[in-house]
Amino acid sequence: MSPSKARLAVAGTASAVLVLLGSAGTADARPVATPAAVAGAAPSYATWIADVTAVTTPAADYLTQRLAGPGGKNAIVLDIDNTSLETYYHGGFTTPAVQPVLALARLAKAKGAAVFFVSDRTEVIRWPTEGNLKAVGYPNDGLSLRPLFNFDPVQTNKTKARAAIEQAGYTIVANIGNNVTDLDGGHAERTFKLPDYDGALS
């Protein structure tokens, strides 16, 4: 989500409480194209979940293989809005988890990987964001938000956040988001892009 859209959503209602992501040259997992994607309009909830699952299924297979055996300090990075939480379809003070992504986060955690969130949400809503993630069952080893009075591009902040995770000694094995600004900029072995339908869910 762009900073301007995020600010509008937060300013409009406290219930619209709006988390890192890149590629090291490996192939992205792309959602199946749908008529809604071509039209730039959001599809039905059922279609969205089916399109999300088309990405998280190979992501789960990848994580199962990548995290097998002796590990090290591995991590995955997740965007929040319309990636980890159903912000567009079921926004609210406690927004429901995107169930296929929650399952992916739990799989990674069970296999010894840390789960980090990087979002363009502002630091002002850190507490409700952390509370929402906890309430819907996400493991959370760290949350990076836009610093106050920071006007850098979204991708710049998200790339810096992933670099900071690496500097803490982690290898980011997977980066999951629904926008190219979640994924571009490197600092991840592999990226998985969820559908945004030409920005309808951004």
# chains A, B, ... in the order shown; residues from 1 in each chain; ligands from 1
$ residues_around --residues "A:Lys160" --least-positions-apart "6" --cutoff "12 Å" --atoms "only C-alpha atoms" --output "VMD selection string"
chain A and resid 20 to 22 118 to 119 144 to 147 152 to 154 166 to 167 182 184 to 187
$ write_last_selection --atoms "C-alpha atoms" --output "PDB file, in the first residue's frame"
ATOM      1  CA  LEU A  20       9.697  -7.178   4.241  1.00  0.00           C
ATOM      2  CA  LEU A  21      10.335  -8.275   0.861  1.00  0.00           C
ATOM      3  CA  GLY A  22      13.152  -8.881  -2.333  1.00  0.00           C
ATOM      4  CA  VAL A 118       7.775  -5.172   7.187  1.00  0.00           C
ATOM      5  CA  SER A 119       5.045  -2.675   6.407  1.00  0.00           C
ATOM      6  CA  SER A 144       9.385  -2.887  10.855  1.00  0.00           C
ATOM      7  CA  LEU A 145       7.172   0.153  10.222  1.00  0.00           C
ATOM      8  CA  ARG A 146       7.667   3.533   8.553  1.00  0.00           C
ATOM      9  CA  PRO A 147       9.508   5.838  10.991  1.00  0.00           C
ATOM     10  CA  ASP A 152      11.373   7.934   1.680  1.00  0.00           C
ATOM     11  CA  PRO A 153       9.851   5.752  -1.057  1.00  0.00           C
ATOM     12  CA  VAL A 154       8.143   2.588   0.167  1.00  0.00           C
ATOM     13  CA  GLU A 166      20.412  -9.663   7.405  1.00  0.00           C
ATOM     14  CA  GLN A 167      22.781  -7.507   9.448  1.00  0.00           C
ATOM     15  CA  ASP A 182       7.347  -5.381  -1.145  1.00  0.00           C
ATOM     16  CA  ASP A 184      12.097  -5.526  -5.261  1.00  0.00           C
ATOM     17  CA  GLY A 185      15.421  -4.411  -3.854  1.00  0.00           C
ATOM     18  CA  GLY A 186      17.065  -7.745  -3.042  1.00  0.00           C
ATOM     19  CA  HIS A 187      17.952  -9.137   0.383  1.00  0.00           C
TER      20      HIS A 187
END
$ residues_around --residues "A:Gly112" --least-positions-apart "2" --cutoff "10 Å" --atoms "only C-alpha atoms" --output "list in words"
Leu67, Ala68, Pro70, Gly71, Gly72, Lys73, Asn74, Ala75, Arg106, Leu107, Ala108, Lys109, Ala110, Ala114 and Val115 of chain A
$ residues_around --residues "stretch 89-96 of chain A" --least-positions-apart "4" --cutoff "12 Å" --atoms "only C-alpha atoms" --output "PDB file with N, CA, C and O atoms, in the first residue's frame"
ATOM      1  N   ALA A   9      -6.320   5.805   4.895  1.00  0.00           N
ATOM      2  CA  ALA A   9      -7.057   4.750   5.585  1.00  0.00           C
ATOM      3  C   ALA A   9      -7.002   4.944   7.082  1.00  0.00           C
ATOM      4  O   ALA A   9      -8.002   4.793   7.780  1.00  0.00           O
ATOM      5  N   VAL A  10      -5.822   5.304   7.594  1.00  0.00           N
ATOM      6  CA  VAL A  10      -5.691   5.475   9.034  1.00  0.00           C
ATOM      7  C   VAL A  10      -6.451   6.703   9.500  1.00  0.00           C
ATOM      8  O   VAL A  10      -7.091   6.705  10.547  1.00  0.00           O
ATOM      9  N   THR A  13     -10.475   6.035   9.710  1.00  0.00           N
ATOM     10  CA  THR A  13     -11.098   5.239  10.765  1.00  0.00           C
ATOM     11  C   THR A  13     -10.077   4.456  11.545  1.00  0.00           C
ATOM     12  O   THR A  13      -9.138   3.948  10.974  1.00  0.00           O
ATOM     13  N   ALA A  14     -10.270   4.367  12.838  1.00  0.00           N
ATOM     14  CA  ALA A  14      -9.336   3.602  13.676  1.00  0.00           C
ATOM     15  C   ALA A  14      -9.426   2.129  13.375  1.00  0.00           C
ATOM     16  O   ALA A  14      -8.509   1.372  13.673  1.00  0.00           O
ATOM     17  N   SER A  15     -10.526   1.693  12.771  1.00  0.00           N
ATOM     18  CA  SER A  15     -10.665   0.274  12.474  1.00  0.00           C
ATOM     19  C   SER A  15      -9.895  -0.123  11.225  1.00  0.00           C
ATOM     20  O   SER A  15      -9.701  -1.303  10.963  1.00  0.00           O
ATOM     21  N   ALA A  16      -9.428   0.859  10.452  1.00  0.00           N
ATOM     22  CA  ALA A  16      -8.688   0.542   9.245  1.00  0.00           C
ATOM     23  C   ALA A  16      -7.204   0.505   9.538  1.00  0.00           C
ATOM     24  O   ALA A  16      -6.402   1.032   8.806  1.00  0.00           O
ATOM     25  N   VAL A  17      -6.856  -0.108  10.674  1.00  0.00           N
ATOM     26  CA  VAL A  17      -5.466  -0.184  11.053  1.00  0.00           C
ATOM     27  C   VAL A  17      -4.731  -1.011  10.010  1.00  0.00           C
ATOM     28  O   VAL A  17      -5.059  -2.159   9.832  1.00  0.00           O
ATOM     29  N   LEU A  18      -3.961  -0.271   9.335  1.00  0.00           N
ATOM     30  CA  LEU A  18      -3.286  -0.985   8.261  1.00  0.00           C
ATOM     31  C   LEU A  18      -2.240  -1.943   8.892  1.00  0.00           C
ATOM     32  O   LEU A  18      -1.397  -1.653   9.527  1.00  0.00           O
ATOM     33  N   ALA A  42     -10.917  -5.635  -8.031  1.00  0.00           N
ATOM     34  CA  ALA A  42     -10.813  -6.736  -7.072  1.00  0.00           C
ATOM     35  C   ALA A  42     -11.875  -7.787  -7.381  1.00  0.00           C
ATOM     36  O   ALA A  42     -13.032  -7.461  -7.629  1.00  0.00           O
ATOM     37  N   PRO A  43     -11.506  -9.075  -7.334  1.00  0.00           N
ATOM     38  CA  PRO A  43     -12.462 -10.143  -7.602  1.00  0.00           C
ATOM     39  C   PRO A  43     -13.237 -10.491  -6.340  1.00  0.00           C
ATOM     40  O   PRO A  43     -13.100  -9.828  -5.308  1.00  0.00           O
ATOM     41  N   SER A  44     -14.017 -11.545  -6.391  1.00  0.00           N
ATOM     42  CA  SER A  44     -14.698 -12.032  -5.201  1.00  0.00           C
ATOM     43  C   SER A  44     -13.677 -12.520  -4.189  1.00  0.00           C
ATOM     44  O   SER A  44     -12.531 -12.846  -4.530  1.00  0.00           O
ATOM     45  N   TYR A  45     -14.117 -12.577  -2.941  1.00  0.00           N
ATOM     46  CA  TYR A  45     -13.238 -13.079  -1.875  1.00  0.00           C
ATOM     47  C   TYR A  45     -12.758 -14.493  -2.180  1.00  0.00           C
ATOM     48  O   TYR A  45     -11.573 -14.810  -2.017  1.00  0.00           O
ATOM     49  N   ALA A  46     -13.652 -15.350  -2.637  1.00  0.00           N
ATOM     50  CA  ALA A  46     -13.301 -16.740  -2.922  1.00  0.00           C
ATOM     51  C   ALA A  46     -12.239 -16.830  -4.021  1.00  0.00           C
ATOM     52  O   ALA A  46     -11.295 -17.630  -3.932  1.00  0.00           O
ATOM     53  N   THR A  47     -12.365 -15.989  -5.046  1.00  0.00           N
ATOM     54  CA  THR A  47     -11.367 -15.981  -6.119  1.00  0.00           C
ATOM     55  C   THR A  47     -10.025 -15.502  -5.601  1.00  0.00           C
ATOM     56  O   THR A  47      -8.967 -16.058  -5.937  1.00  0.00           O
ATOM     57  N   TRP A  48     -10.045 -14.462  -4.780  1.00  0.00           N
ATOM     58  CA  TRP A  48      -8.794 -13.958  -4.199  1.00  0.00           C
ATOM     59  C   TRP A  48      -8.085 -15.040  -3.390  1.00  0.00           C
ATOM     60  O   TRP A  48      -6.880 -15.263  -3.569  1.00  0.00           O
ATOM     61  N   ILE A  49      -8.817 -15.721  -2.513  1.00  0.00           N
ATOM     62  CA  ILE A  49      -8.197 -16.762  -1.694  1.00  0.00           C
ATOM     63  C   ILE A  49      -7.650 -17.884  -2.576  1.00  0.00           C
ATOM     64  O   ILE A  49      -6.560 -18.425  -2.318  1.00  0.00           O
ATOM     65  N   ILE A  80       2.095  -6.938   5.307  1.00  0.00           N
ATOM     66  CA  ILE A  80       0.892  -7.119   6.139  1.00  0.00           C
ATOM     67  C   ILE A  80      -0.397  -6.997   5.340  1.00  0.00           C
ATOM     68  O   ILE A  80      -1.155  -7.955   5.208  1.00  0.00           O
ATOM     69  N   ASP A  81      -0.684  -5.823   4.804  1.00  0.00           N
ATOM     70  CA  ASP A  81      -2.011  -5.557   4.254  1.00  0.00           C
ATOM     71  C   ASP A  81      -2.251  -6.294   2.946  1.00  0.00           C
ATOM     72  O   ASP A  81      -1.497  -6.129   1.983  1.00  0.00           O
ATOM     73  N   ASN A  82      -3.299  -7.124   2.948  1.00  0.00           N
ATOM     74  CA  ASN A  82      -3.672  -7.949   1.806  1.00  0.00           C
ATOM     75  C   ASN A  82      -2.609  -8.985   1.463  1.00  0.00           C
ATOM     76  O   ASN A  82      -2.627  -9.560   0.374  1.00  0.00           O
ATOM     77  N   THR A  83      -1.703  -9.211   2.417  1.00  0.00           N
ATOM     78  CA  THR A  83      -0.744 -10.311   2.363  1.00  0.00           C
ATOM     79  C   THR A  83      -0.951 -11.179   3.594  1.00  0.00           C
ATOM     80  O   THR A  83      -1.338 -12.343   3.482  1.00  0.00           O
ATOM     81  N   SER A  84      -0.707 -10.615   4.774  1.00  0.00           N
ATOM     82  CA  SER A  84      -0.896 -11.340   6.029  1.00  0.00           C
ATOM     83  C   SER A  84      -2.289 -11.156   6.608  1.00  0.00           C
ATOM     84  O   SER A  84      -2.820 -12.046   7.269  1.00  0.00           O
ATOM     85  N   LEU A  85      -2.868  -9.986   6.385  1.00  0.00           N
ATOM     86  CA  LEU A  85      -4.206  -9.664   6.905  1.00  0.00           C
ATOM     87  C   LEU A  85      -5.153  -9.316   5.763  1.00  0.00           C
ATOM     88  O   LEU A  85      -4.742  -8.711   4.763  1.00  0.00           O
ATOM     89  N   PRO A 100      -4.077 -18.897   4.134  1.00  0.00           N
ATOM     90  CA  PRO A 100      -2.946 -19.594   3.502  1.00  0.00           C
ATOM     91  C   PRO A 100      -1.596 -18.998   3.885  1.00  0.00           C
ATOM     92  O   PRO A 100      -0.589 -19.712   3.964  1.00  0.00           O
ATOM     93  N   VAL A 101      -1.566 -17.689   4.133  1.00  0.00           N
ATOM     94  CA  VAL A 101      -0.309 -17.039   4.532  1.00  0.00           C
ATOM     95  C   VAL A 101      -0.001 -17.335   5.995  1.00  0.00           C
ATOM     96  O   VAL A 101       1.153 -17.568   6.369  1.00  0.00           O
ATOM     97  N   LEU A 102      -1.029 -17.366   6.833  1.00  0.00           N
ATOM     98  CA  LEU A 102      -0.835 -17.754   8.233  1.00  0.00           C
ATOM     99  C   LEU A 102      -0.260 -19.164   8.313  1.00  0.00           C
ATOM    100  O   LEU A 102       0.672 -19.427   9.094  1.00  0.00           O
ATOM    101  N   ILE A 125       0.902   3.417  14.646  1.00  0.00           N
ATOM    102  CA  ILE A 125      -0.017   2.294  14.879  1.00  0.00           C
ATOM    103  C   ILE A 125       0.722   0.982  15.135  1.00  0.00           C
ATOM    104  O   ILE A 125       0.203  -0.099  14.843  1.00  0.00           O
ATOM    105  N   TRP A 127       1.367  -0.458  18.086  1.00  0.00           N
ATOM    106  CA  TRP A 127       0.692  -1.270  19.104  1.00  0.00           C
ATOM    107  C   TRP A 127      -0.521  -2.016  18.543  1.00  0.00           C
ATOM    108  O   TRP A 127      -0.643  -3.226  18.709  1.00  0.00           O
ATOM    109  N   PRO A 128      -1.461  -1.347  17.854  1.00  0.00           N
ATOM    110  CA  PRO A 128      -2.582  -2.105  17.311  1.00  0.00           C
ATOM    111  C   PRO A 128      -2.173  -3.107  16.239  1.00  0.00           C
ATOM    112  O   PRO A 128      -2.807  -4.150  16.086  1.00  0.00           O
ATOM    113  N   THR A 129      -1.120  -2.804  15.487  1.00  0.00           N
ATOM    114  CA  THR A 129      -0.658  -3.752  14.468  1.00  0.00           C
ATOM    115  C   THR A 129      -0.116  -5.016  15.129  1.00  0.00           C
ATOM    116  O   THR A 129      -0.461  -6.143  14.741  1.00  0.00           O
ATOM    117  N   GLU A 130       0.736  -4.840  16.130  1.00  0.00           N
ATOM    118  CA  GLU A 130       1.261  -6.007  16.849  1.00  0.00           C
ATOM    119  C   GLU A 130       0.132  -6.799  17.502  1.00  0.00           C
ATOM    120  O   GLU A 130       0.128  -8.035  17.477  1.00  0.00           O
ATOM    121  N   GLY A 131      -0.828  -6.084  18.076  1.00  0.00           N
ATOM    122  CA  GLY A 131      -1.946  -6.750  18.722  1.00  0.00           C
ATOM    123  C   GLY A 131      -2.781  -7.550  17.746  1.00  0.00           C
ATOM    124  O   GLY A 131      -3.231  -8.664  18.054  1.00  0.00           O
ATOM    125  N   ASN A 132      -3.006  -6.998  16.548  1.00  0.00           N
ATOM    126  CA  ASN A 132      -3.786  -7.690  15.531  1.00  0.00           C
ATOM    127  C   ASN A 132      -3.078  -8.962  15.085  1.00  0.00           C
ATOM    128  O   ASN A 132      -3.694 -10.044  15.004  1.00  0.00           O
ATOM    129  N   LEU A 133      -1.784  -8.865  14.800  1.00  0.00           N
ATOM    130  CA  LEU A 133      -1.028 -10.036  14.360  1.00  0.00           C
ATOM    131  C   LEU A 133      -1.068 -11.139  15.417  1.00  0.00           C
ATOM    132  O   LEU A 133      -1.262 -12.321  15.101  1.00  0.00           O
ATOM    133  N   LYS A 134      -0.909 -10.753  16.672  1.00  0.00           N
ATOM    134  CA  LYS A 134      -0.947 -11.733  17.763  1.00  0.00           C
ATOM    135  C   LYS A 134      -2.335 -12.352  17.909  1.00  0.00           C
ATOM    136  O   LYS A 134      -2.476 -13.576  18.067  1.00  0.00           O
ATOM    137  N   ALA A 135      -3.357 -11.519  17.812  1.00  0.00           N
ATOM    138  CA  ALA A 135      -4.723 -11.984  18.019  1.00  0.00           C
ATOM    139  C   ALA A 135      -5.140 -13.025  16.994  1.00  0.00           C
ATOM    140  O   ALA A 135      -5.934 -13.925  17.303  1.00  0.00           O
ATOM    141  N   VAL A 136      -4.631 -12.920  15.767  1.00  0.00           N
ATOM    142  CA  VAL A 136      -5.034 -13.872  14.733  1.00  0.00           C
ATOM    143  C   VAL A 136      -4.055 -15.035  14.585  1.00  0.00           C
ATOM    144  O   VAL A 136      -4.228 -15.887  13.714  1.00  0.00           O
ATOM    145  N   GLY A 137      -3.034 -15.077  15.448  1.00  0.00           N
ATOM    146  CA  GLY A 137      -2.204 -16.272  15.524  1.00  0.00           C
ATOM    147  C   GLY A 137      -0.863 -16.253  14.830  1.00  0.00           C
ATOM    148  O   GLY A 137      -0.204 -17.290  14.731  1.00  0.00           O
ATOM    149  N   TYR A 138      -0.412 -15.076  14.380  1.00  0.00           N
ATOM    150  CA  TYR A 138       0.883 -15.040  13.702  1.00  0.00           C
ATOM    151  C   TYR A 138       2.046 -15.099  14.691  1.00  0.00           C
ATOM    152  O   TYR A 138       2.040 -14.370  15.693  1.00  0.00           O
ATOM    153  N   ALA A 200      -5.534  -3.002  -7.380  1.00  0.00           N
ATOM    154  CA  ALA A 200      -6.832  -2.922  -6.700  1.00  0.00           C
ATOM    155  C   ALA A 200      -6.717  -3.261  -5.228  1.00  0.00           C
ATOM    156  O   ALA A 200      -7.507  -2.786  -4.405  1.00  0.00           O
ATOM    157  N   LEU A 201      -5.719  -4.095  -4.859  1.00  0.00           N
ATOM    158  CA  LEU A 201      -5.532  -4.483  -3.459  1.00  0.00           C
ATOM    159  C   LEU A 201      -4.281  -3.847  -2.871  1.00  0.00           C
ATOM    160  O   LEU A 201      -3.786  -4.286  -1.835  1.00  0.00           O
TER     161      LEU A 201
END
$ select_by_dssp --residues "chain A" --states "strand (DSSP E)" --output "list in words"
Asn74, Ala75, Ile76, Val77, Leu78, Ala114, Val115, Phe116, Phe117, Val118, Ser119, Asp120, Arg121, Thr122, Gly142, Leu143, Ser144, Leu145, Arg146, Thr171, Ile172, Val173, Ala174, Asn175, Ile176, Gly177, Thr191, Phe192 and Lys193 of chain A
